[in-house]
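S.K.: So here's work21.txt (compact mmCIF, C-alpha atoms and all ligand atoms).
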```txt
# COMPACT_ATOMS: atom_id res chain seq x y z
CA MET A 10 86.48 -4.24 130.04
CA LYS A 11 88.09 -0.79 130.10
CA LEU A 12 88.10 1.50 133.10
CA LEU A 13 89.08 5.15 133.17
CA HIS A 14 90.20 6.33 136.62
CA LEU A 15 90.44 10.06 137.29
CA ASP A 16 91.58 11.89 140.42
CA SER A 17 91.33 15.63 140.93
CA SER A 18 92.19 16.37 144.57
CA ILE A 19 95.08 18.74 145.34
CA GLN A 20 95.55 17.10 148.75
CA GLY A 21 97.80 14.21 147.75
CA GLU A 22 98.07 11.45 150.33
CA ASN A 23 95.67 13.28 152.67
CA SER A 24 92.93 13.22 150.06
CA ALA A 25 89.72 11.45 151.01
CA SER A 26 88.43 11.26 147.43
CA ARG A 27 91.71 9.69 146.26
CA ALA A 28 91.55 7.05 149.01
CA VAL A 29 87.96 6.16 148.09
CA SER A 30 88.45 6.23 144.30
CA ALA A 31 91.46 3.90 144.72
CA ALA A 32 89.33 1.54 146.82
CA VAL A 33 86.66 1.55 144.09
CA VAL A 34 89.24 0.62 141.45
CA ASP A 35 90.66 -2.14 143.69
CA ARG A 36 87.14 -3.52 144.11
CA LEU A 37 86.51 -3.46 140.35
CA ARG A 38 89.86 -5.13 139.66
CA ALA A 39 88.95 -7.88 142.11
CA VAL A 40 85.69 -8.44 140.24
CA ASP A 41 87.31 -8.40 136.78
CA GLN A 42 90.95 -9.43 136.77
CA ASN A 43 91.30 -8.54 133.08
CA LEU A 44 90.20 -4.96 133.65
CA GLN A 45 92.30 -2.50 131.62
CA VAL A 46 92.82 0.65 133.68
CA ALA A 47 93.81 4.06 132.30
CA TYR A 48 94.67 6.62 134.97
CA ARG A 49 94.69 10.40 134.80
CA ASP A 50 95.74 12.60 137.70
CA LEU A 51 94.08 15.89 136.86
CA ALA A 52 95.76 17.70 139.77
CA ALA A 53 99.33 16.53 139.05
CA ASP A 54 98.89 16.83 135.30
CA PRO A 55 96.14 19.38 134.75
CA LEU A 56 94.34 19.82 131.48
CA PRO A 57 94.36 23.37 130.14
CA HIS A 58 91.29 25.54 129.97
CA ILE A 59 89.56 25.01 126.66
CA THR A 60 90.20 27.52 123.90
CA LEU A 61 88.28 28.00 120.67
CA PRO A 62 91.24 27.18 118.36
CA GLY A 63 92.16 24.09 120.39
CA PHE A 64 88.63 22.87 121.02
CA ALA A 65 88.21 19.10 120.48
CA THR A 66 91.52 18.81 118.61
CA GLY A 67 94.93 17.35 119.51
CA GLN A 68 95.21 16.49 123.21
CA ALA A 69 91.57 17.49 123.72
CA ALA A 70 90.43 14.91 121.15
CA ALA A 71 92.57 12.26 122.87
CA VAL A 72 90.93 13.05 126.21
CA LEU A 73 87.50 12.65 124.62
CA ASP A 74 88.45 9.35 122.93
CA GLU A 75 89.80 7.99 126.22
CA PHE A 76 86.44 8.74 127.85
CA LEU A 77 84.41 7.26 124.99
CA GLU A 78 86.45 4.05 125.01
CA ALA A 79 85.87 3.39 128.71
CA ASP A 80 83.12 1.01 129.88
CA LEU A 81 83.55 2.17 133.46
CA VAL A 82 84.63 5.56 134.76
CA VAL A 83 85.77 6.12 138.34
CA ILE A 84 86.24 9.72 139.47
CA GLY A 85 87.79 11.05 142.66
CA ALA A 86 85.94 14.33 143.17
CA PRO A 87 86.61 16.68 146.08
CA MET A 88 84.19 19.50 146.85
CA TYR A 89 86.04 22.79 146.61
CA ASN A 90 84.09 26.01 147.11
CA PHE A 91 80.74 24.26 146.88
CA GLY A 92 81.39 22.65 143.52
CA MET A 93 83.80 20.28 141.82
CA ALA A 94 87.53 21.07 141.56
CA SER A 95 88.32 23.29 138.56
CA GLN A 96 90.74 20.56 137.40
CA LEU A 97 87.81 18.17 137.05
CA LYS A 98 85.65 20.86 135.44
CA ALA A 99 88.40 21.29 132.82
CA TRP A 100 88.13 17.56 132.05
CA PHE A 101 84.35 17.88 131.61
CA ASP A 102 84.96 20.87 129.34
CA HIS A 103 87.00 18.51 127.14
CA ILE A 104 84.34 15.81 126.88
CA LEU A 105 81.21 17.91 126.29
CA VAL A 106 81.48 18.31 122.54
CA ALA A 107 78.38 18.99 120.43
CA GLY A 108 78.00 16.37 117.74
CA LYS A 109 80.21 13.89 119.61
CA THR A 110 78.77 13.46 123.08
CA PHE A 111 75.45 15.34 122.73
CA ARG A 112 73.41 17.09 120.09
CA TYR A 113 70.53 19.47 119.83
CA GLY A 114 67.76 18.32 117.49
CA ASN A 115 64.08 18.86 116.83
CA ALA A 116 63.20 16.89 119.93
CA GLY A 117 65.57 18.91 122.09
CA VAL A 118 68.86 17.74 123.52
CA GLU A 119 70.04 14.18 123.05
CA GLY A 120 72.93 12.52 124.86
CA LEU A 121 75.09 10.54 122.42
CA VAL A 122 77.25 8.57 124.82
CA PRO A 123 76.40 4.86 125.01
CA ASP A 124 75.61 4.12 128.62
CA LYS A 125 78.57 3.52 130.90
CA LYS A 126 78.79 2.88 134.59
CA VAL A 127 80.22 5.89 136.41
CA ILE A 128 81.25 5.79 140.05
CA VAL A 129 82.11 9.09 141.72
CA ALA A 130 84.06 9.10 144.99
CA LEU A 131 82.96 12.46 146.35
CA SER A 132 84.39 14.03 149.50
CA ARG A 133 83.01 17.10 151.23
CA GLY A 134 84.24 18.96 154.27
CA GLY A 135 80.75 19.71 155.57
CA ILE A 136 77.39 17.93 155.59
CA TYR A 137 75.20 18.49 152.56
CA SER A 138 73.11 15.31 152.40
CA ASP A 139 70.49 17.00 154.56
CA GLY A 140 70.10 20.09 156.69
CA PRO A 141 70.56 23.78 155.87
CA ALA A 142 73.59 23.30 153.59
CA ALA A 143 71.78 20.91 151.20
CA ALA A 144 70.92 23.80 148.85
CA MET A 145 74.63 24.73 148.67
CA GLU A 146 75.63 21.37 147.17
CA HIS A 147 76.82 21.98 143.61
CA ALA A 148 79.40 19.21 143.19
CA GLU A 149 77.24 16.06 143.11
CA ALA A 150 74.40 18.00 141.44
CA HIS A 151 76.64 19.37 138.68
CA ILE A 152 78.32 16.03 137.96
CA ARG A 153 74.99 14.19 137.86
CA THR A 154 73.54 16.85 135.53
CA ILE A 155 76.43 16.56 133.09
CA PHE A 156 76.39 12.76 132.86
CA GLY A 157 72.58 12.77 132.48
CA PHE A 158 72.95 15.35 129.69
CA LEU A 159 75.34 12.99 127.89
CA GLY A 160 72.88 10.09 128.23
CA ILE A 161 74.54 8.29 131.13
CA ASP A 162 72.12 7.24 133.83
CA GLN A 163 74.24 4.74 135.73
CA VAL A 164 76.00 7.16 138.06
CA GLU A 165 76.73 6.02 141.59
CA PHE A 166 78.09 8.42 144.20
CA VAL A 167 80.18 7.09 147.07
CA VAL A 168 80.17 10.03 149.46
CA ALA A 169 82.46 10.80 152.38
CA GLU A 170 81.12 13.97 153.96
CA GLY A 171 81.85 15.98 157.05
CA VAL A 172 85.54 15.15 156.69
CA ALA A 173 86.55 18.64 157.89
CA LEU A 174 84.43 18.37 161.06
CA GLY A 175 87.06 16.64 163.19
CA ALA A 176 89.14 13.47 163.20
CA GLU A 177 86.32 11.29 164.48
CA GLN A 178 83.82 12.43 161.86
CA ARG A 179 86.47 12.09 159.12
CA ALA A 180 87.28 8.53 160.20
CA SER A 181 83.63 7.49 160.32
CA ALA A 182 82.86 9.18 156.97
CA LEU A 183 85.73 7.31 155.34
CA GLU A 184 84.72 4.06 157.01
CA ALA A 185 81.15 4.44 155.69
CA ALA A 186 82.39 5.27 152.18
CA LEU A 187 84.74 2.27 152.13
CA ALA A 188 81.90 0.02 153.36
CA HIS A 189 79.79 1.38 150.48
CA VAL A 190 82.59 0.44 148.06
CA GLU A 191 82.40 -3.16 149.27
CA ARG A 192 78.67 -3.21 148.47
CA ILE A 193 79.12 -2.15 144.83
CA GLU A 194 77.39 -4.95 142.97
CA PRO A 195 79.50 -6.92 140.46
CA LEU A 196 76.34 -7.49 138.37
CA ALA A 197 75.67 -3.78 138.16
CA LEU A 198 79.23 -3.27 136.91
CA ALA A 199 78.78 -5.58 133.96
CA ALA A 200 75.38 -4.14 132.99
C1 LIG B 301 90.42 24.71 148.37
C2 LIG B 301 89.40 23.98 149.22
C3 LIG B 301 88.08 24.37 149.18
C4 LIG B 301 87.13 23.70 149.93
N1 LIG B 301 85.83 24.08 149.88
C5 LIG B 301 84.89 23.40 150.58
C6 LIG B 301 83.52 23.74 150.52
O1 LIG B 301 83.09 24.65 149.80
N2 LIG B 301 82.64 23.03 151.26
C7 LIG B 301 83.04 22.00 152.04
O2 LIG B 301 82.20 21.38 152.68
N3 LIG B 301 84.34 21.64 152.13
C8 LIG B 301 85.26 22.31 151.41
N4 LIG B 301 86.57 21.95 151.48
C9 LIG B 301 86.92 20.74 152.22
C10 LIG B 301 87.00 19.56 151.26
O3 LIG B 301 85.74 19.32 150.64
C11 LIG B 301 87.46 18.33 151.97
O4 LIG B 301 88.80 18.55 152.40
C12 LIG B 301 87.41 17.11 151.08
O5 LIG B 301 87.98 16.04 151.78
C13 LIG B 301 88.16 17.37 149.80
O6 LIG B 301 88.46 16.16 149.12
P1 LIG B 301 89.98 15.63 149.12
O7 LIG B 301 90.26 15.25 150.55
O8 LIG B 301 89.93 14.47 148.22
O9 LIG B 301 90.83 16.75 148.63
C14 LIG B 301 87.53 22.62 150.75
C15 LIG B 301 88.88 22.24 150.77
C16 LIG B 301 89.80 22.91 150.02
C17 LIG B 301 91.24 22.45 150.05
```
Starting from the file, lay out its structure as structure tokens.
Ligand SMILES: Cc1cc2nc3c(=O)[nH]c(=O)nc-3n(C[C@H](O)[C@H](O)[C@H](O)COP(=O)(O)O)c2cc1C

M.R.:
Amino acid sequence: MKLLHLDSSIQGENSASRAVSAAVVDRLRAVDQNLQVAYRDLAADPLPHITLPGFATGQAAAVLDEFLEADLVVIGAPMYNFGMASQLKAWFDHILVAGKTFRYGNAGVEGLVPDKKVIVALSRGGIYSDGPAAAMEHAEAHIRTIFGFLGIDQVEFVVAEGVALGAEQRASALEAALAHVERIEPLALAA
């Protein structure tokens, strides 16, 4: 089985999403010792903004192929300014290609990507799972929308939130996220 692991946090070793995405990959490796892992650090090695002449060619085509080849995709996704990091958005801009990953037809839009399991390690400074800030959450919502558009329904979010609300809240958010990682079902991974 092939796994594509992406990170996009600019916060290096202090990154919550990197810590959780690494734990997810460790868990998946423990379940499948033959797992082939490709890793892309979108913060250290950012993809360019898309351009019309370069669209879906050269490096952009390779990024798309890497995504299509993966059975499992694990994404470290920090919330920056209420949405995903622009580095991760640039990756999505490379994989949404009409005719390759989706198409418009008589029946409307159709996702063309064979289903994959996607696990998103999402970290947020504040609390968005309920309360007044819920309507300001555009990271999880945007990522879920995109994968659904491509035809991928198996998207699991492992969320660490409130990590900017003090050391205690950060520690308990990370602890809860890492406990969630341990509950990821091996059967669901193979499905
Ligand atoms: C540039 C920047 C923008 C941020 N914007 C938000 C935000 O809009 N809402 C929020 O709750 N937290 C925000 N935060 C806090 C991050 O969501 C929090 O640090 C989270 O842990 C980021 O993931 P990371 O630790 O993997 O980088 C921001 C942090 C940075 C560095």

S.K.: Which is closest to Lys126 of chain A among A:Phe111, A:Phe91, A:Phe76, A:Trp100, if we use only C-alpha atoms?

M.R.: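 Looking at the shortest contact to Lys126 of chain A, the residue is A:Phe76.
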
S.K.: Can you measure atom CA of Leu51 of chain A to atom CA of Ser17 of chain A for me? One decimal in Å is fine.

M.R.: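 Separation of atom CA of Leu51 of chain A and atom CA of Ser17 of chain A: 4.9 Å.
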
S.K.: Would you mind listing, for every residue of chain A within 7 Å of ligand LIG 301 (chain B), the two atoms forming the shortest contact and the distance between them in Å to one decimal, using all atoms listed in the file, sorted by chain and ascending residue number, as JSON lines?

M.R.:
```
{"residue": "A:Ser18", "atom": "CA", "partner": "B:LIG301", "partner_atom": "O9", "distance": 4.3}
{"residue": "A:Ile19", "atom": "CA", "partner": "B:LIG301", "partner_atom": "O9", "distance": 5.7}
{"residue": "A:Gln20", "atom": "CA", "partner": "B:LIG301", "partner_atom": "O9", "distance": 4.7}
{"residue": "A:Asn23", "atom": "CA", "partner": "B:LIG301", "partner_atom": "O7", "distance": 6.1}
{"residue": "A:Ser24", "atom": "CA", "partner": "B:LIG301", "partner_atom": "O7", "distance": 3.4}
{"residue": "A:Ala25", "atom": "CA", "partner": "B:LIG301", "partner_atom": "O7", "distance": 3.9}
{"residue": "A:Ser26", "atom": "CA", "partner": "B:LIG301", "partner_atom": "O8", "distance": 3.6}
{"residue": "A:Arg27", "atom": "CA", "partner": "B:LIG301", "partner_atom": "O8", "distance": 5.5}
{"residue": "A:Gly85", "atom": "CA", "partner": "B:LIG301", "partner_atom": "O8", "distance": 6.9}
{"residue": "A:Ala86", "atom": "CA", "partner": "B:LIG301", "partner_atom": "O8", "distance": 6.4}
{"residue": "A:Pro87", "atom": "CA", "partner": "B:LIG301", "partner_atom": "O6", "distance": 3.6}
{"residue": "A:Met88", "atom": "CA", "partner": "B:LIG301", "partner_atom": "O3", "distance": 4.1}
{"residue": "A:Tyr89", "atom": "CA", "partner": "B:LIG301", "partner_atom": "N1", "distance": 3.5}
{"residue": "A:Asn90", "atom": "CA", "partner": "B:LIG301", "partner_atom": "O1", "distance": 3.2}
{"residue": "A:Phe91", "atom": "CA", "partner": "B:LIG301", "partner_atom": "O1", "distance": 3.8}
{"residue": "A:Gly92", "atom": "CA", "partner": "B:LIG301", "partner_atom": "O1", "distance": 6.8}
{"residue": "A:Ser132", "atom": "CA", "partner": "B:LIG301", "partner_atom": "C12", "distance": 4.6}
{"residue": "A:Arg133", "atom": "CA", "partner": "B:LIG301", "partner_atom": "O3", "distance": 3.6}
{"residue": "A:Gly134", "atom": "CA", "partner": "B:LIG301", "partner_atom": "N3", "distance": 3.4}
{"residue": "A:Gly135", "atom": "CA", "partner": "B:LIG301", "partner_atom": "O2", "distance": 3.6}
{"residue": "A:Ile136", "atom": "CA", "partner": "B:LIG301", "partner_atom": "O2", "distance": 6.6}
{"residue": "A:Gly171", "atom": "CA", "partner": "B:LIG301", "partner_atom": "O2", "distance": 7.0}
{"residue": "A:Val172", "atom": "CA", "partner": "B:LIG301", "partner_atom": "O5", "distance": 5.6}
{"residue": "A:Ala173", "atom": "CA", "partner": "B:LIG301", "partner_atom": "O4", "distance": 5.9}
```

S.K.: Atom CA of Val127 of chain A and atom CA of Val83 of chain A, how far apart in Å?

M.R.: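 Value for the atom CA of Val83 of chain A-atom CA of Val127 of chain A distance: 5.9 Å.
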
S.K.: Could you tell me how far atom CA of Glu191 of chain A sits from atom CA of Leu77 of chain A, in Å to one decimal place?

M.R.: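 Taking atom CA of Leu77 of chain A and atom CA of Glu191 of chain A, their separation equals 26.5 Å.
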